[in-house]
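A short worksheet on the structure shown next.
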Amino acid sequence: MKACWRKIVEQFEFNYPAKRKVPKKSHVGVVGSGDLEVLLEPAEGPEAAVRIRTSAEGFKTTWRAVLDRFFSQYDGAARIEINDAGATPGSVLLRLQQAVEASER
């Protein structure tokens with residue numbers, strides 16, 4: 001029997017300007033009911049690229065607002081992949097902050 005957390009409903013990509021290099025990769029969280037995982041790794045060039053795969057439909061504007069808030073304080077050149085299973089905006093910000101902290105340790 002295959003384990004399947006949820007079907008991917010939507011995918012988004014966003015880019016943000018960056019000013020500094022990210023030290024190393026990090027991985028925080030798990031994909032499960034109401035949670036998400038964030039994979040962060042150094043990127044080449046002066047920008048951060050975010051790819052989101054989510055099981056929740058119709059929240060692109062919310063994702064943009066959460067990421068705008070995060071990148072108003074974070075300026076690392078990173079590739080970030082978010083695999084979401086219905087996390088709240090507060091959980092998304094927390095996981096992004098945890099990924100940055102893990103990357104900078």
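By order in the structure tokens, chains are A, B, ...; within a chain, residues start at 1; ligands start at 1, following the order shown.
Near region 23-40 of chain A, within a cut-off of 7 Å and counting only C-alpha atoms, sit the residues Trp5, Ala78, Arg79, Ile80, Glu81, Ile82, Asn83, Asp84, Ala85, Gly86, Ala87, Arg95, Leu96, Gln98, Ala99, Ala102, Ser103 and Glu104 of chain A, with same-chain residues fewer than 6 positions away left out.
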May I have the selected residues written with C-alpha atoms, as an mmCIF file, in the first residue's frame?
```
data_model
loop_
_atom_site.group_PDB
_atom_site.id
_atom_site.type_symbol
_atom_site.label_atom_id
_atom_site.label_comp_id
_atom_site.auth_asym_id
_atom_site.auth_seq_id
_atom_site.Cartn_x
_atom_site.Cartn_y
_atom_site.Cartn_z
ATOM 1 C CA TRP A 5 -0.230 12.611 2.259
ATOM 2 C CA ALA A 78 18.485 30.997 -1.599
ATOM 3 C CA ARG A 79 16.479 28.433 -3.482
ATOM 4 C CA ILE A 80 13.551 27.525 -1.271
ATOM 5 C CA GLU A 81 11.155 24.675 -1.854
ATOM 6 C CA ILE A 82 7.988 24.493 0.229
ATOM 7 C CA ASN A 83 5.844 21.360 0.273
ATOM 8 C CA ASP A 84 2.598 22.234 2.019
ATOM 9 C CA ALA A 85 -0.256 20.175 3.443
ATOM 10 C CA GLY A 86 -2.521 23.021 4.537
ATOM 11 C CA ALA A 87 -0.322 24.956 6.986
ATOM 12 C CA ARG A 95 9.152 27.177 9.253
ATOM 13 C CA LEU A 96 10.881 29.724 6.993
ATOM 14 C CA GLN A 98 13.601 27.846 11.286
ATOM 15 C CA ALA A 99 15.114 27.007 7.888
ATOM 16 C CA ALA A 102 19.361 26.010 10.618
ATOM 17 C CA SER A 103 21.208 27.239 7.531
ATOM 18 C CA GLU A 104 23.143 29.827 9.518
#
```
Practice task
Write down as a list in words the residues of region 4-104 of chain A whose backbone DSSP state falls under helix (DSSP H, G or I).
Solution key: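 Matching residues, listed in order: Lys60, Thr61, Thr62, Trp63, Arg64, Ala65, Val66, Leu67, Asp68, Arg69, Phe70, Phe71, Pro89, Gly90, Ser91, Val92, Leu93, Leu94, Arg95, Leu96, Gln97, Gln98, Ala99, Val100, Glu101, Ala102 and Ser103 of chain A.
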How would the residues just picked look written out with C-alpha atoms as a compact mmCIF listing (two decimals), in the first residue's frame?
```
# COMPACT_ATOMS: atom_id res chain seq x y z
CA LYS A 60 -1.83 32.29 -4.12
CA THR A 61 -2.51 35.81 -2.78
CA THR A 62 -1.99 34.59 0.79
CA TRP A 63 1.26 32.87 -0.16
CA ARG A 64 2.48 36.09 -1.82
CA ALA A 65 1.64 38.13 1.31
CA VAL A 66 3.43 35.69 3.63
CA LEU A 67 6.53 35.61 1.42
CA ASP A 68 6.52 39.40 0.99
CA ARG A 69 6.54 39.71 4.77
CA PHE A 70 9.34 37.16 5.16
CA PHE A 71 11.53 38.71 2.45
CA PRO A 89 0.39 31.52 7.40
CA GLY A 90 1.88 31.67 10.91
CA SER A 91 3.25 28.14 10.54
CA VAL A 92 4.73 29.04 7.15
CA LEU A 93 6.61 32.03 8.62
CA LEU A 94 7.83 29.93 11.54
CA ARG A 95 9.15 27.18 9.25
CA LEU A 96 10.88 29.72 6.99
CA GLN A 97 12.56 31.30 10.03
CA GLN A 98 13.60 27.85 11.29
CA ALA A 99 15.11 27.01 7.89
CA VAL A 100 17.15 30.22 7.92
CA GLU A 101 18.32 29.57 11.48
CA ALA A 102 19.36 26.01 10.62
CA SER A 103 21.21 27.24 7.53
```
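Going from CA of Asn15 (chain A) to CA of Ala77 (chain A) covers 10.1 Å.
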Just the strand (DSSP E) stuff from chain A, please, per backbone DSSP, written as a PDB file with N, CA and C atoms, in the first residue's frame.
```
ATOM      1  N   GLU A  10      -1.879  22.885  -6.353  1.00  0.00           N
ATOM      2  CA  GLU A  10      -1.331  24.071  -7.006  1.00  0.00           C
ATOM      3  C   GLU A  10       0.170  24.175  -6.781  1.00  0.00           C
ATOM      4  N   GLN A  11       0.839  24.831  -7.746  1.00  0.00           N
ATOM      5  CA  GLN A  11       2.260  25.138  -7.640  1.00  0.00           C
ATOM      6  C   GLN A  11       2.458  26.602  -7.995  1.00  0.00           C
ATOM      7  N   PHE A  12       3.351  27.257  -7.243  1.00  0.00           N
ATOM      8  CA  PHE A  12       3.665  28.663  -7.494  1.00  0.00           C
ATOM      9  C   PHE A  12       5.170  28.847  -7.449  1.00  0.00           C
ATOM     10  N   GLU A  13       5.636  29.880  -8.128  1.00  0.00           N
ATOM     11  CA  GLU A  13       7.033  30.290  -8.023  1.00  0.00           C
ATOM     12  C   GLU A  13       7.083  31.798  -7.850  1.00  0.00           C
ATOM     13  N   PHE A  14       7.929  32.236  -6.916  1.00  0.00           N
ATOM     14  CA  PHE A  14       8.122  33.655  -6.644  1.00  0.00           C
ATOM     15  C   PHE A  14       9.617  33.937  -6.564  1.00  0.00           C
ATOM     16  N   ASN A  15      10.029  35.144  -6.930  1.00  0.00           N
ATOM     17  CA  ASN A  15      11.424  35.567  -6.843  1.00  0.00           C
ATOM     18  C   ASN A  15      11.522  36.868  -6.062  1.00  0.00           C
ATOM     19  N   TYR A  16      12.618  36.979  -5.294  1.00  0.00           N
ATOM     20  CA  TYR A  16      12.860  38.161  -4.480  1.00  0.00           C
ATOM     21  C   TYR A  16      14.330  38.548  -4.592  1.00  0.00           C
ATOM     22  N   PRO A  17      14.639  39.862  -4.522  1.00  0.00           N
ATOM     23  CA  PRO A  17      16.038  40.282  -4.561  1.00  0.00           C
ATOM     24  C   PRO A  17      16.776  39.818  -3.303  1.00  0.00           C
ATOM     25  N   ARG A  20      22.923  38.754   0.057  1.00  0.00           N
ATOM     26  CA  ARG A  20      24.030  37.988   0.650  1.00  0.00           C
ATOM     27  C   ARG A  20      23.873  36.500   0.373  1.00  0.00           C
ATOM     28  N   LYS A  21      25.001  35.803   0.465  1.00  0.00           N
ATOM     29  CA  LYS A  21      25.000  34.352   0.237  1.00  0.00           C
ATOM     30  C   LYS A  21      24.442  33.618   1.449  1.00  0.00           C
ATOM     31  N   SER A  26      19.453  23.578   4.399  1.00  0.00           N
ATOM     32  CA  SER A  26      18.715  23.177   5.594  1.00  0.00           C
ATOM     33  C   SER A  26      17.380  22.565   5.169  1.00  0.00           C
ATOM     34  N   HIS A  27      16.822  21.781   6.082  1.00  0.00           N
ATOM     35  CA  HIS A  27      15.536  21.109   5.850  1.00  0.00           C
ATOM     36  C   HIS A  27      14.813  21.067   7.191  1.00  0.00           C
ATOM     37  N   VAL A  28      13.626  21.703   7.227  1.00  0.00           N
ATOM     38  CA  VAL A  28      12.843  21.704   8.466  1.00  0.00           C
ATOM     39  C   VAL A  28      11.402  21.321   8.163  1.00  0.00           C
ATOM     40  N   GLY A  29      10.736  20.746   9.152  1.00  0.00           N
ATOM     41  CA  GLY A  29       9.326  20.386   9.025  1.00  0.00           C
ATOM     42  C   GLY A  29       9.119  19.073   8.298  1.00  0.00           C
ATOM     43  N   LEU A  36       4.010  21.642   6.930  1.00  0.00           N
ATOM     44  CA  LEU A  36       4.763  21.785   5.698  1.00  0.00           C
ATOM     45  C   LEU A  36       6.229  21.518   5.958  1.00  0.00           C
ATOM     46  N   GLU A  37       6.973  21.289   4.871  1.00  0.00           N
ATOM     47  CA  GLU A  37       8.416  21.205   4.979  1.00  0.00           C
ATOM     48  C   GLU A  37       9.012  22.315   4.127  1.00  0.00           C
ATOM     49  N   VAL A  38      10.164  22.818   4.582  1.00  0.00           N
ATOM     50  CA  VAL A  38      10.893  23.851   3.869  1.00  0.00           C
ATOM     51  C   VAL A  38      12.303  23.333   3.624  1.00  0.00           C
ATOM     52  N   LEU A  39      12.710  23.342   2.359  1.00  0.00           N
ATOM     53  CA  LEU A  39      14.064  22.991   1.967  1.00  0.00           C
ATOM     54  C   LEU A  39      14.716  24.266   1.458  1.00  0.00           C
ATOM     55  N   LEU A  40      15.833  24.646   2.053  1.00  0.00           N
ATOM     56  CA  LEU A  40      16.529  25.873   1.699  1.00  0.00           C
ATOM     57  C   LEU A  40      17.953  25.522   1.315  1.00  0.00           C
ATOM     58  N   GLU A  41      18.438  26.099   0.217  1.00  0.00           N
ATOM     59  CA  GLU A  41      19.816  25.870  -0.188  1.00  0.00           C
ATOM     60  C   GLU A  41      20.375  27.122  -0.839  1.00  0.00           C
ATOM     61  N   PRO A  42      21.708  27.273  -0.821  1.00  0.00           N
ATOM     62  CA  PRO A  42      22.321  28.444  -1.448  1.00  0.00           C
ATOM     63  C   PRO A  42      21.973  28.524  -2.934  1.00  0.00           C
ATOM     64  N   GLU A  47      19.441  36.698  -6.184  1.00  0.00           N
ATOM     65  CA  GLU A  47      18.006  36.600  -5.932  1.00  0.00           C
ATOM     66  C   GLU A  47      17.652  35.309  -5.206  1.00  0.00           C
ATOM     67  N   ALA A  48      16.514  35.360  -4.545  1.00  0.00           N
ATOM     68  CA  ALA A  48      15.951  34.176  -3.897  1.00  0.00           C
ATOM     69  C   ALA A  48      14.797  33.691  -4.761  1.00  0.00           C
ATOM     70  N   ALA A  49      14.740  32.379  -4.960  1.00  0.00           N
ATOM     71  CA  ALA A  49      13.666  31.770  -5.745  1.00  0.00           C
ATOM     72  C   ALA A  49      12.908  30.809  -4.840  1.00  0.00           C
ATOM     73  N   VAL A  50      11.590  30.932  -4.826  1.00  0.00           N
ATOM     74  CA  VAL A  50      10.745  30.111  -3.970  1.00  0.00           C
ATOM     75  C   VAL A  50       9.775  29.325  -4.840  1.00  0.00           C
ATOM     76  N   ARG A  51       9.737  28.017  -4.619  1.00  0.00           N
ATOM     77  CA  ARG A  51       8.763  27.159  -5.311  1.00  0.00           C
ATOM     78  C   ARG A  51       7.876  26.521  -4.259  1.00  0.00           C
ATOM     79  N   ILE A  52       6.580  26.648  -4.450  1.00  0.00           N
ATOM     80  CA  ILE A  52       5.603  26.125  -3.492  1.00  0.00           C
ATOM     81  C   ILE A  52       4.759  25.073  -4.179  1.00  0.00           C
ATOM     82  N   ARG A  53       4.607  23.936  -3.511  1.00  0.00           N
ATOM     83  CA  ARG A  53       3.654  22.903  -3.935  1.00  0.00           C
ATOM     84  C   ARG A  53       2.701  22.717  -2.766  1.00  0.00           C
ATOM     85  N   THR A  54       1.411  22.903  -3.032  1.00  0.00           N
ATOM     86  CA  THR A  54       0.442  22.877  -1.943  1.00  0.00           C
ATOM     87  C   THR A  54      -0.781  22.037  -2.291  1.00  0.00           C
ATOM     88  N   GLY A  76      18.735  36.721   1.986  1.00  0.00           N
ATOM     89  CA  GLY A  76      19.635  35.675   1.526  1.00  0.00           C
ATOM     90  C   GLY A  76      19.318  35.186   0.118  1.00  0.00           C
ATOM     91  N   ALA A  77      20.379  34.911  -0.642  1.00  0.00           N
ATOM     92  CA  ALA A  77      20.239  34.342  -1.988  1.00  0.00           C
ATOM     93  C   ALA A  77      20.052  32.836  -1.831  1.00  0.00           C
ATOM     94  N   ALA A  78      18.811  32.402  -1.878  1.00  0.00           N
ATOM     95  CA  ALA A  78      18.485  30.997  -1.599  1.00  0.00           C
ATOM     96  C   ALA A  78      17.495  30.462  -2.612  1.00  0.00           C
ATOM     97  N   ARG A  79      17.561  29.152  -2.799  1.00  0.00           N
ATOM     98  CA  ARG A  79      16.479  28.433  -3.482  1.00  0.00           C
ATOM     99  C   ARG A  79      15.690  27.773  -2.368  1.00  0.00           C
ATOM    100  N   ILE A  80      14.412  28.049  -2.332  1.00  0.00           N
ATOM    101  CA  ILE A  80      13.551  27.525  -1.271  1.00  0.00           C
ATOM    102  C   ILE A  80      12.435  26.722  -1.912  1.00  0.00           C
ATOM    103  N   GLU A  81      12.264  25.512  -1.409  1.00  0.00           N
ATOM    104  CA  GLU A  81      11.155  24.675  -1.854  1.00  0.00           C
ATOM    105  C   GLU A  81      10.256  24.429  -0.647  1.00  0.00           C
ATOM    106  N   ILE A  82       8.967  24.694  -0.839  1.00  0.00           N
ATOM    107  CA  ILE A  82       7.988  24.493   0.229  1.00  0.00           C
ATOM    108  C   ILE A  82       6.983  23.457  -0.244  1.00  0.00           C
ATOM    109  N   ASN A  83       6.843  22.401   0.534  1.00  0.00           N
ATOM    110  CA  ASN A  83       5.844  21.360   0.273  1.00  0.00           C
ATOM    111  C   ASN A  83       4.820  21.450   1.399  1.00  0.00           C
ATOM    112  N   ASP A  84       3.605  21.852   1.035  1.00  0.00           N
ATOM    113  CA  ASP A  84       2.598  22.234   2.019  1.00  0.00           C
ATOM    114  C   ASP A  84       1.417  21.273   2.047  1.00  0.00           C
TER     115      ASP A  84
END
```
Practice task
Would you mind reading off the distance between CA of Thr88 (chain A) and CA of Ser72 (chain A), one decimal, in Å?
Solution key: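 Going from CA of Thr88 (chain A) over to CA of Ser72 (chain A), I get 19.2 Å.
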